[in-house]
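Data first, discussion second: the structure below is written as structure tokens.
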Amino acid sequence: VADARYTVTLTASDALGNRARTSATITADRTISRLRWSPSAFFPQDGDRLASGATLTARVTAPARVTLRIRDAAGRVVRTAFAGRRVAAGTVRWRWDGRTSTGAWAPQGRYVAELTAVGSLGTTVLRRAVVADAWQATPSSSTPRAGTHFSVTFRAVEPGGGRPAAWFRQRGRRAVPMTVVRLSDGSWRASITVAAGAAGPAAVILRGRDVAGGLNRSTVGVTVR
């Protein structure tokens, strides 16, 4: 189907022969597509060259005006790469160095690229997430219960230089070490039994060295119930 506006008409009748017809206009618009980050995670905040940037690309099939914004986990715009830029058919490409519009490092965490294209058929918005952090981490639960087993699976964004360590810090208590094991796919898993009597905000602290000897650290927030 070519990109264009189409009219869809539906005609129906009931058992008594009563007929009804309704129509709607739909738009097939693929002015922009295939929005991708490469890599999908990078760690610029330590200032070395191991994983210093990520490149965003998108396919453009027709002339358009495009705007690219980077938003944080709360939806706030931290960087506007370009606004209302005229582009022809081809590929849009932009490399993020991990800095905000002020030139400061963006805090470690997850971000979303929001690419808006205004073309002859209307406006299209595509979004794609990227991680700007030392570790890609997935907790077994964002709200673990006191007294239960809890774990975090994580992978270094930069090439690792050795075995990482992990600690679990509950509200009002000192951080305690977690048991860390390496998984068959090269990632790591840190686990612990959540202590009772310390409900509320908690954090997993991940630390390790990259191949250049730099110290990489990430914090994963959870809430103990």
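If you're wondering about the labels, chains in the structure tokens are A, B, ... by order shown, residues count from 1 in each chain, ligands from 1 in order shown.
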Excluding Val125 (chain A) and any residue of its chain fewer than 4 positions from it, enumerate the residues within 8 Å of it, using only C-alpha atoms, and give them as an NGL selection string.
-> :A and (114-117)
Near Asp133 (chain A), within 10 Å and counting only C-alpha atoms, which residues show up once chain neighbours fewer than 3 positions away are dropped, as JSON, numbers by chain?
-> {"A": [41, 42, 43, 44, 45, 46, 51, 98, 106, 107, 108, 109, 110, 130, 136, 137, 156, 157, 158, 216, 217, 218, 219]}
Run DSSP on the backbone and give me the residues of region 2-224 of chain A it puts in strand (DSSP E), as an MDAnalysis selection string.
-> chainID A and resid 4:13 19:28 32:38 41:42 54:60 64:71 77:87 90:96 109:119 122:132 135:139 149:156 165:170 176:177 179:182 188:193 200:209 215:224
Hey, what's within 6 Å of Ser38 (chain A) if we count only C-alpha atoms and toss same-chain stuff fewer than 2 positions away? As a list in words, please?
-> Ser40, Ala54 and Thr55 of chain A
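Separating CA of Ile70 (chain A) from CA of Thr31 (chain A) is a distance of 20.3 Å.
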Name the residues in contact with region 187-191 of chain A at a cut-off of 6 Å, using only C-alpha atoms, excluding same-chain residues fewer than 4 positions from it; report them as JSON, numbers by chain.
-> {"A": [150, 151, 152, 153, 154, 155, 178, 179, 180, 181, 182, 183]}
Serialized selection, N, CA, C and O atoms, as a CSV table (one decimal), in the first residue's frame:
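What ended up in selection-v2.csv:
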```csv
chain,number,residue,atom,x,y,z
A,150,PHE,N,15.7,-11.9,46.5
A,150,PHE,CA,15.6,-10.8,45.5
A,150,PHE,C,16.9,-10.9,44.7
A,150,PHE,O,18.0,-11.2,45.3
A,151,SER,N,16.9,-10.6,43.4
A,151,SER,CA,18.1,-10.7,42.6
A,151,SER,C,18.0,-9.6,41.5
A,151,SER,O,16.9,-9.0,41.2
A,152,VAL,N,19.2,-9.3,41.0
A,152,VAL,CA,19.3,-8.3,39.9
A,152,VAL,C,20.2,-9.0,38.9
A,152,VAL,O,21.3,-9.4,39.2
A,153,THR,N,19.8,-9.0,37.6
A,153,THR,CA,20.6,-9.5,36.5
A,153,THR,C,21.2,-8.3,35.8
A,153,THR,O,20.5,-7.4,35.5
A,154,PHE,N,22.5,-8.3,35.6
A,154,PHE,CA,23.1,-7.1,35.0
A,154,PHE,C,24.3,-7.5,34.1
A,154,PHE,O,24.9,-8.6,34.2
A,155,ARG,N,24.6,-6.5,33.2
A,155,ARG,CA,25.7,-6.7,32.2
A,155,ARG,C,26.4,-5.4,32.1
A,155,ARG,O,25.8,-4.3,32.0
A,178,MET,N,25.9,-8.5,48.3
A,178,MET,CA,25.1,-9.5,47.6
A,178,MET,C,25.9,-10.6,47.0
A,178,MET,O,27.1,-10.4,46.8
A,179,THR,N,25.4,-11.8,46.9
A,179,THR,CA,26.1,-12.9,46.2
A,179,THR,C,26.0,-12.7,44.7
A,179,THR,O,24.9,-12.6,44.1
A,180,VAL,N,27.2,-12.7,44.1
A,180,VAL,CA,27.3,-12.4,42.6
A,180,VAL,C,27.8,-13.7,41.9
A,180,VAL,O,28.8,-14.2,42.3
A,181,VAL,N,27.1,-14.1,40.9
A,181,VAL,CA,27.5,-15.3,40.1
A,181,VAL,C,27.4,-14.9,38.6
A,181,VAL,O,26.6,-14.0,38.2
A,182,ARG,N,28.3,-15.5,37.9
A,182,ARG,CA,28.3,-15.3,36.4
A,182,ARG,C,27.4,-16.3,35.7
A,182,ARG,O,27.4,-17.5,36.0
A,183,LEU,N,26.6,-15.8,34.8
A,183,LEU,CA,25.6,-16.6,34.0
A,183,LEU,C,26.3,-17.1,32.7
A,183,LEU,O,27.3,-16.6,32.3
```
Using only C-alpha atoms, which residues sit within 10 Å of Val112 (chain A) once same-chain residues fewer than 3 positions away are excluded, as a VMD selection string?
-> chain A and resid 69 to 73 75 to 77 115 126 to 131
Any chance you can output those residues with C-alpha atoms as a short mmCIF file (atom, residue, chain, number, x, y, z; two decimals), in the first residue's frame?
```
data_model
loop_
_atom_site.label_atom_id
_atom_site.label_comp_id
_atom_site.auth_asym_id
_atom_site.auth_seq_id
_atom_site.Cartn_x
_atom_site.Cartn_y
_atom_site.Cartn_z
CA ARG A 69 14.58 15.37 21.37
CA ILE A 70 16.08 13.22 24.14
CA ARG A 71 13.83 12.72 27.15
CA ASP A 72 14.65 11.31 30.58
CA ALA A 73 12.63 8.71 32.51
CA GLY A 75 9.63 12.70 30.22
CA ARG A 76 11.67 15.89 30.58
CA VAL A 77 13.65 17.06 27.54
CA LEU A 115 11.83 11.83 16.55
CA LEU A 126 8.75 7.59 16.72
CA ARG A 127 10.42 6.76 20.04
CA ARG A 128 13.34 4.50 20.94
CA ALA A 129 14.99 3.93 24.33
CA VAL A 130 18.72 3.98 25.09
CA VAL A 131 20.67 3.35 28.29
#
```
